[in-house]
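Undergrad: Structure file work_16.cif, mmCIF, C-alpha atoms, is pasted below:
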data_upload
loop_
_atom_site.group_PDB
_atom_site.id
_atom_site.type_symbol
_atom_site.label_atom_id
_atom_site.label_comp_id
_atom_site.auth_asym_id
_atom_site.auth_seq_id
_atom_site.Cartn_x
_atom_site.Cartn_y
_atom_site.Cartn_z
ATOM 1 C CA MET V 1 95.338 2.858 -23.852
ATOM 2 C CA GLN V 2 92.954 2.533 -26.773
ATOM 3 C CA ARG V 3 91.196 5.657 -28.035
ATOM 4 C CA ASP V 4 87.541 5.486 -28.948
ATOM 5 C CA ARG V 5 86.997 6.076 -32.631
ATOM 6 C CA PHE V 6 84.366 8.590 -33.601
ATOM 7 C CA VAL V 7 81.872 6.841 -35.838
ATOM 8 C CA PRO V 8 79.289 9.212 -37.330
ATOM 9 C CA ASN V 9 75.733 7.982 -37.076
ATOM 10 C CA VAL V 10 75.169 7.621 -40.818
ATOM 11 C CA VAL V 11 71.939 5.723 -40.200
ATOM 12 C CA ASP V 12 70.262 8.836 -38.789
ATOM 13 C CA MET V 13 71.241 10.828 -41.888
ATOM 14 C CA PHE V 14 69.224 8.838 -44.446
ATOM 15 C CA PRO V 15 65.919 10.700 -43.924
ATOM 16 C CA ILE V 16 67.487 14.128 -44.333
ATOM 17 C CA ASN V 17 69.510 12.897 -47.317
ATOM 18 C CA THR V 18 66.337 11.590 -48.929
ATOM 19 C CA ALA V 19 64.410 14.788 -48.173
ATOM 20 C CA THR V 20 67.250 16.846 -49.642
ATOM 21 C CA ALA V 21 67.329 14.722 -52.798
ATOM 22 C CA GLU V 22 63.542 15.027 -53.195
ATOM 23 C CA ALA V 23 63.703 18.809 -52.717
ATOM 24 C CA VAL V 24 66.483 19.110 -55.301
ATOM 25 C CA ARG V 25 64.502 16.893 -57.681
ATOM 26 C CA ASP V 26 61.391 19.073 -57.196
ATOM 27 C CA ALA V 27 63.362 22.285 -57.689
ATOM 28 C CA ILE V 28 64.878 20.961 -60.915
ATOM 29 C CA ALA V 29 61.446 19.836 -62.153
ATOM 30 C CA ARG V 30 60.266 23.463 -61.910
ATOM 31 C CA THR V 31 62.907 24.458 -64.457
ATOM 32 C CA GLU V 32 63.567 23.342 -68.001
ATOM 33 C CA LEU V 33 66.952 21.925 -66.994
ATOM 34 C CA THR V 34 67.889 18.261 -66.768
ATOM 35 C CA ALA V 35 69.351 16.729 -63.628
ATOM 36 C CA ALA V 36 72.545 15.941 -65.563
ATOM 37 C CA SER V 37 72.964 19.564 -66.644
ATOM 38 C CA VAL V 38 72.412 20.769 -63.070
ATOM 39 C CA ALA V 39 74.997 18.294 -61.752
ATOM 40 C CA GLN V 40 77.467 19.388 -64.391
ATOM 41 C CA GLY V 41 76.790 23.081 -63.758
ATOM 42 C CA ALA V 42 77.226 22.567 -60.011
ATOM 43 C CA HIS V 43 80.509 20.692 -60.624
ATOM 44 C CA ILE V 44 79.307 17.450 -59.027
ATOM 45 C CA THR V 45 80.600 14.224 -60.575
ATOM 46 C CA PRO V 46 77.990 11.810 -61.989
ATOM 47 C CA THR V 47 78.834 9.179 -59.353
ATOM 48 C CA ALA V 48 78.553 11.651 -56.477
ATOM 49 C CA TRP V 49 75.313 13.017 -57.980
ATOM 50 C CA ARG V 50 73.740 9.538 -58.165
ATOM 51 C CA ARG V 51 74.695 8.769 -54.555
ATOM 52 C CA ARG V 52 73.275 12.058 -53.326
ATOM 53 C CA MET V 53 70.070 11.744 -55.349
ATOM 54 C CA ARG V 54 69.524 8.243 -53.927
ATOM 55 C CA GLY V 55 69.959 9.585 -50.389
ATOM 56 C CA GLN V 56 73.072 7.469 -49.821
ATOM 57 C CA THR V 57 75.333 10.444 -49.113
ATOM 58 C CA ALA V 58 74.650 14.000 -48.059
ATOM 59 C CA PHE V 59 74.885 17.114 -50.193
ATOM 60 C CA THR V 60 77.299 19.687 -48.793
ATOM 61 C CA MET V 61 76.089 23.252 -48.255
ATOM 62 C CA ASN V 62 78.541 24.326 -50.937
ATOM 63 C CA GLU V 63 76.957 21.879 -53.402
ATOM 64 C CA LEU V 64 73.463 23.055 -52.490
ATOM 65 C CA SER V 65 74.547 26.666 -53.042
ATOM 66 C CA ARG V 66 75.922 25.785 -56.483
ATOM 67 C CA ILE V 67 72.760 23.827 -57.359
ATOM 68 C CA ALA V 68 70.597 26.779 -56.293
ATOM 69 C CA ALA V 69 72.678 29.100 -58.474
ATOM 70 C CA VAL V 70 72.405 26.774 -61.488
ATOM 71 C CA ILE V 71 68.616 26.430 -61.232
ATOM 72 C CA GLY V 72 68.155 30.091 -60.425
ATOM 73 C CA VAL V 73 66.703 29.990 -56.907
ATOM 74 C CA GLN V 74 67.923 31.421 -53.625
ATOM 75 C CA ILE V 75 69.671 28.920 -51.337
ATOM 76 C CA GLY V 76 67.126 29.836 -48.638
ATOM 77 C CA ARG V 77 64.298 28.658 -50.890
ATOM 78 C CA LEU V 78 66.054 25.325 -51.426
ATOM 79 C CA ILE V 79 66.499 24.929 -47.651
ATOM 80 C CA ASP V 80 62.785 25.714 -47.203
ATOM 81 C CA LEU V 81 61.910 22.940 -49.682
ATOM 82 C CA ILE V 82 64.076 20.486 -47.737
ATOM 83 C CA THR V 83 62.398 21.512 -44.469
ATOM 84 C CA GLU V 84 58.940 21.021 -46.019
ATOM 85 C CA LYS V 85 59.924 17.530 -47.184
ATOM 86 C CA LEU V 86 61.109 16.616 -43.695
ATOM 87 C CA ARG V 87 57.892 17.898 -42.097
ATOM 88 C CA MET V 88 55.774 15.838 -44.509
ATOM 89 C CA THR V 89 57.605 12.663 -43.495
ATOM 90 C CA SER V 90 55.975 10.920 -40.559
ATOM 91 C CA THR V 91 58.061 9.980 -37.548
ATOM 92 C CA ASP V 92 57.584 6.287 -38.320
ATOM 93 C CA GLU V 93 58.875 6.820 -41.848
ATOM 94 C CA LEU V 94 62.026 8.419 -40.419
ATOM 95 C CA ARG V 95 62.746 5.445 -38.175
ATOM 96 C CA LEU V 96 65.199 2.774 -39.252
ATOM 97 C CA TYR V 97 64.916 -0.740 -37.883
ATOM 98 C CA THR V 98 67.760 -3.061 -36.910
ATOM 99 C CA LEU V 99 68.179 -6.565 -38.316
ATOM 100 C CA SER V 100 66.693 -8.128 -35.183
ATOM 101 C CA GLU V 101 63.711 -5.730 -35.108
ATOM 102 C CA THR V 102 63.024 -6.363 -38.791
ATOM 103 C CA ALA V 103 63.312 -10.124 -38.402
ATOM 104 C CA GLU V 104 60.853 -9.956 -35.515
ATOM 105 C CA ARG V 105 58.391 -7.862 -37.570
ATOM 106 C CA LEU V 106 58.649 -10.305 -40.492
ATOM 107 C CA HIS V 107 58.420 -13.379 -38.217
ATOM 108 C CA VAL V 108 61.660 -14.842 -39.581
ATOM 109 C CA THR V 109 65.067 -15.594 -38.074
ATOM 110 C CA GLU V 110 67.897 -13.088 -38.245
ATOM 111 C CA ASP V 111 70.015 -15.566 -40.243
ATOM 112 C CA TRP V 112 67.233 -16.062 -42.807
ATOM 113 C CA LEU V 113 66.837 -12.305 -43.225
ATOM 114 C CA LYS V 114 70.590 -11.618 -43.385
ATOM 115 C CA LYS V 115 71.037 -14.242 -46.113
ATOM 116 C CA ARG V 116 68.309 -12.696 -48.295
ATOM 117 C CA VAL V 117 69.491 -9.127 -47.737
ATOM 118 C CA ARG V 118 73.049 -10.072 -48.703
ATOM 119 C CA SER V 119 71.784 -11.749 -51.884
ATOM 120 C CA GLY V 120 69.725 -8.656 -52.767
ATOM 121 C CA ARG V 121 66.364 -10.428 -52.590
ATOM 122 C CA ILE V 122 65.251 -8.160 -49.743
ATOM 123 C CA PRO V 123 66.310 -4.479 -49.522
ATOM 124 C CA GLY V 124 68.358 -3.125 -46.644
ATOM 125 C CA ARG V 125 71.350 -0.901 -45.930
ATOM 126 C CA LYS V 126 74.584 -1.723 -44.194
ATOM 127 C CA SER V 127 76.456 0.947 -42.272
ATOM 128 C CA GLY V 128 79.655 -0.497 -40.879
ATOM 129 C CA ARG V 129 78.615 -3.822 -39.408
ATOM 130 C CA VAL V 130 74.988 -2.865 -38.796
ATOM 131 C CA TRP V 131 72.127 -3.707 -41.162
ATOM 132 C CA THR V 132 69.232 -1.240 -41.100
ATOM 133 C CA PHE V 133 65.834 -1.267 -42.753
ATOM 134 C CA ALA V 134 63.515 1.613 -43.590
ATOM 135 C CA PRO V 135 59.743 1.055 -43.459
ATOM 136 C CA ASP V 136 59.734 0.879 -47.302
ATOM 137 C CA ASP V 137 62.326 -1.911 -47.120
ATOM 138 C CA ILE V 138 60.094 -3.860 -44.743
ATOM 139 C CA ARG V 139 57.058 -3.377 -47.002
ATOM 140 C CA ALA V 140 59.127 -4.571 -49.980
ATOM 141 C CA ALA V 141 60.260 -7.613 -47.976
ATOM 142 C CA ILE V 142 56.658 -8.477 -47.132
ATOM 143 C CA ALA V 143 55.714 -8.192 -50.806
ATOM 144 C CA ALA V 144 58.693 -10.350 -51.805
ATOM 145 C CA MET V 145 57.699 -12.984 -49.256
ATOM 146 C CA ALA V 146 54.082 -13.191 -50.441
ATOM 147 C CA PRO V 147 53.215 -16.355 -52.349
ATOM 148 C CA THR V 148 52.812 -15.638 -56.063
ATOM 149 C CA SER V 149 50.832 -18.733 -57.019
ATOM 150 C CA ALA V 150 48.547 -21.357 -55.531
ATOM 151 C CA ALA V 151 51.458 -23.820 -55.448
ATOM 152 C CA ASP V 152 53.611 -21.284 -53.572
ATOM 153 C CA ALA V 153 50.747 -20.647 -51.144
ATOM 154 C CA ASN V 154 50.395 -24.384 -50.450
ATOM 155 C CA ARG V 155 54.173 -24.787 -49.903
ATOM 156 C CA HIS V 156 54.130 -21.711 -47.659
ATOM 157 C CA LEU V 157 51.248 -23.078 -45.570
ATOM 158 C CA GLN V 158 52.966 -26.454 -45.293
ATOM 159 C CA GLY V 159 56.128 -24.783 -44.002
ATOM 160 C CA GLU V 160 58.275 -25.319 -47.084
ATOM 161 C CA GLY V 161 58.976 -21.612 -47.534
ATOM 162 C CA GLY V 162 57.485 -18.916 -49.673
ATOM 163 C CA ALA V 163 58.413 -17.168 -52.873
ATOM 164 C CA VAL V 164 61.642 -15.756 -51.429
#
Kindly transcribe the structure held in the file into structure tokens.

TA:
Amino acid sequence: MQRDRFVPNVVDMFPINTATAEAVRDAIARTELTAASVAQGAHITPTAWRRRMRGQTAFTMNELSRIAAVIGVQIGRLIDLITEKLRMTSTDELRLYTLSETAERLHVTEDWLKKRVRSGRIPGRKSGRVWTFAPDDIRAAIAAMAPTSAADANRHLQGEGGAV
């Protein structure tokens, strides 16, 4: 009998991770401290700090408590800042799109999109075996696909591909 593995839904965590990072960034900006000095004072390694500030991984409550202590605010105030950031984010901005949904929105095939995401020409995130795209990723993909010159526009109109 095979047991089901518990796989946390990391995809759903990105918006709160991003809101937390923005709130921490805002709280630090209100002080005369640098982000590096706050990370060091809160005993967070530079690599872990970068991942958390990019929204790739979540801050722990213990880390948030140490950050609050370093910057001289109550942990409750930091939580309030995070909550404000989440409220300001629209529901559409919180949504992540699958590879197939994104390909459909961009009017391209899934294989075409997957190839460009893997090469880094179009932004996206992979969690396990699933590619996901935030609305900003889709906007960046549209911008990357736009013809940059008259020659590109002509090739694009003739079906020879665009700038990407």

Undergrad: Figure out the distance between CA of Ala48 (chain V) and CA of Leu81 (chain V), please, to one decimal in Å.

TA: 21.2 Å

Undergrad: When the PyMOL selection byres ((chain V and resi 142) around 12) is applied to the file above, which residues end up in the set, as a PyMOL selection string?

TA: chain V and resi 102-103+105-108+113+121-123+135-141+143-147+162-164

Undergrad: Using all atoms listed in the file, which of the listed residues (V:Leu96, V:Ala58, V:Ile82, V:Ile44) sits closest to Arg25 (chain V)?

TA: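 Closest candidate: V:Ile82.
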
Undergrad: Closest to Ser37 (chain V) among V:Phe133, V:Val24, V:Val70, V:Thr109, using only C-alpha atoms?

TA: V:Val70

Undergrad: To one decimal in Å, tell me the separation between CA of Lys126 (chain V) and CA of Gly55 (chain V).

TA: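 Taking CA of Lys126 (chain V) as the start and CA of Gly55 (chain V) as the end point, the length is 13.7 Å.
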
Undergrad: Which residue is closest to Lys114 (chain V)? Choose from V:Leu86, V:Ala68, V:Ala27, V:Leu99 and count all atoms listed in the file.

TA: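 Closest to Lys114 (chain V), using all atoms listed in the file: V:Leu99.
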
Undergrad: Have a look at V:Thr98, V:Ile71, V:Arg125, V:Ile79 and name the one nearest to Ala29 (chain V); count all atoms listed in the file.

TA: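 Answer, going by the shortest atom-to-atom distance: V:Ile71.
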
Undergrad: Would you mind reading off the distance between CA of Val117 (chain V) and CA of Trp131 (chain V), one decimal, in Å?

TA: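 So the answer is 8.9 Å.
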
Undergrad: Can you tell me which residues surround Met53 (chain V) at a distance of at most 10 Å, considering only C-alpha atoms, apart from same-chain residues fewer than 5 positions away, and format the answer as a PyMOL selection string?

TA: chain V and resi 17-25+35+47-48+58-59

Undergrad: Have a look at V:Glu84, V:Arg95, V:Ser100, V:Arg116 and name the one nearest to Ala134 (chain V); count all atoms listed in the file.

TA: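 Ranking V:Glu84, V:Arg95, V:Ser100, V:Arg116 by distance to Ala134 (chain V), first place goes to V:Arg95.
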
Undergrad: Quick one: region 64-113 of chain V from the block, C-alpha atoms, as a PDB file, in the first residue's frame.

TA:
ATOM      1  CA  LEU V  64      10.066  38.175  12.164  1.00  0.00           C
ATOM      2  CA  SER V  65      10.306  38.611  15.941  1.00  0.00           C
ATOM      3  CA  ARG V  66      14.087  39.015  15.710  1.00  0.00           C
ATOM      4  CA  ILE V  67      13.750  41.464  12.797  1.00  0.00           C
ATOM      5  CA  ALA V  68      11.207  43.510  14.768  1.00  0.00           C
ATOM      6  CA  ALA V  69      13.580  43.608  17.740  1.00  0.00           C
ATOM      7  CA  VAL V  70      16.514  44.714  15.565  1.00  0.00           C
ATOM      8  CA  ILE V  71      14.578  47.551  13.907  1.00  0.00           C
ATOM      9  CA  GLY V  72      12.914  48.553  17.145  1.00  0.00           C
ATOM     10  CA  VAL V  73       9.234  47.891  16.428  1.00  0.00           C
ATOM     11  CA  GLN V  74       6.701  45.626  18.089  1.00  0.00           C
ATOM     12  CA  ILE V  75       6.080  42.323  16.286  1.00  0.00           C
ATOM     13  CA  GLY V  76       2.377  43.257  16.164  1.00  0.00           C
ATOM     14  CA  ARG V  77       3.216  46.366  14.143  1.00  0.00           C
ATOM     15  CA  LEU V  78       5.192  44.270  11.656  1.00  0.00           C
ATOM     16  CA  ILE V  79       2.247  41.857  11.320  1.00  0.00           C
ATOM     17  CA  ASP V  80      -0.051  44.856  10.738  1.00  0.00           C
ATOM     18  CA  LEU V  81       2.234  46.047   7.914  1.00  0.00           C
ATOM     19  CA  ILE V  82       2.094  42.595   6.314  1.00  0.00           C
ATOM     20  CA  THR V  83      -1.710  42.566   6.580  1.00  0.00           C
ATOM     21  CA  GLU V  84      -1.911  46.020   4.959  1.00  0.00           C
ATOM     22  CA  LYS V  85       0.272  44.827   2.074  1.00  0.00           C
ATOM     23  CA  LEU V  86      -1.971  41.814   1.521  1.00  0.00           C
ATOM     24  CA  ARG V  87      -5.123  43.963   1.541  1.00  0.00           C
ATOM     25  CA  MET V  88      -3.630  46.327  -1.051  1.00  0.00           C
ATOM     26  CA  THR V  89      -2.980  43.419  -3.414  1.00  0.00           C
ATOM     27  CA  SER V  90      -5.906  42.733  -5.711  1.00  0.00           C
ATOM     28  CA  THR V  91      -7.310  39.230  -5.958  1.00  0.00           C
ATOM     29  CA  ASP V  92      -6.111  38.959  -9.557  1.00  0.00           C
ATOM     30  CA  GLU V  93      -2.587  39.879  -8.491  1.00  0.00           C
ATOM     31  CA  LEU V  94      -2.656  37.052  -5.936  1.00  0.00           C
ATOM     32  CA  ARG V  95      -3.627  34.467  -8.540  1.00  0.00           C
ATOM     33  CA  LEU V  96      -0.996  32.274 -10.145  1.00  0.00           C
ATOM     34  CA  TYR V  97      -1.577  30.797 -13.578  1.00  0.00           C
ATOM     35  CA  THR V  98      -0.592  27.334 -14.785  1.00  0.00           C
ATOM     36  CA  LEU V  99       1.534  26.718 -17.872  1.00  0.00           C
ATOM     37  CA  SER V 100      -1.530  25.865 -19.957  1.00  0.00           C
ATOM     38  CA  GLU V 101      -3.495  28.923 -18.761  1.00  0.00           C
ATOM     39  CA  THR V 102      -0.531  31.191 -19.475  1.00  0.00           C
ATOM     40  CA  ALA V 103       0.047  29.685 -22.907  1.00  0.00           C
ATOM     41  CA  GLU V 104      -3.623  30.239 -23.705  1.00  0.00           C
ATOM     42  CA  ARG V 105      -3.454  33.884 -22.542  1.00  0.00           C
ATOM     43  CA  LEU V 106      -0.323  34.480 -24.643  1.00  0.00           C
ATOM     44  CA  HIS V 107      -1.747  32.620 -27.674  1.00  0.00           C
ATOM     45  CA  VAL V 108       1.252  30.282 -27.863  1.00  0.00           C
ATOM     46  CA  THR V 109       1.722  26.536 -27.422  1.00  0.00           C
ATOM     47  CA  GLU V 110       2.687  25.050 -24.078  1.00  0.00           C
ATOM     48  CA  ASP V 111       5.910  23.655 -25.591  1.00  0.00           C
ATOM     49  CA  TRP V 112       6.898  27.082 -26.947  1.00  0.00           C
ATOM     50  CA  LEU V 113       6.294  28.689 -23.556  1.00  0.00           C
TER      51      LEU V 113
END
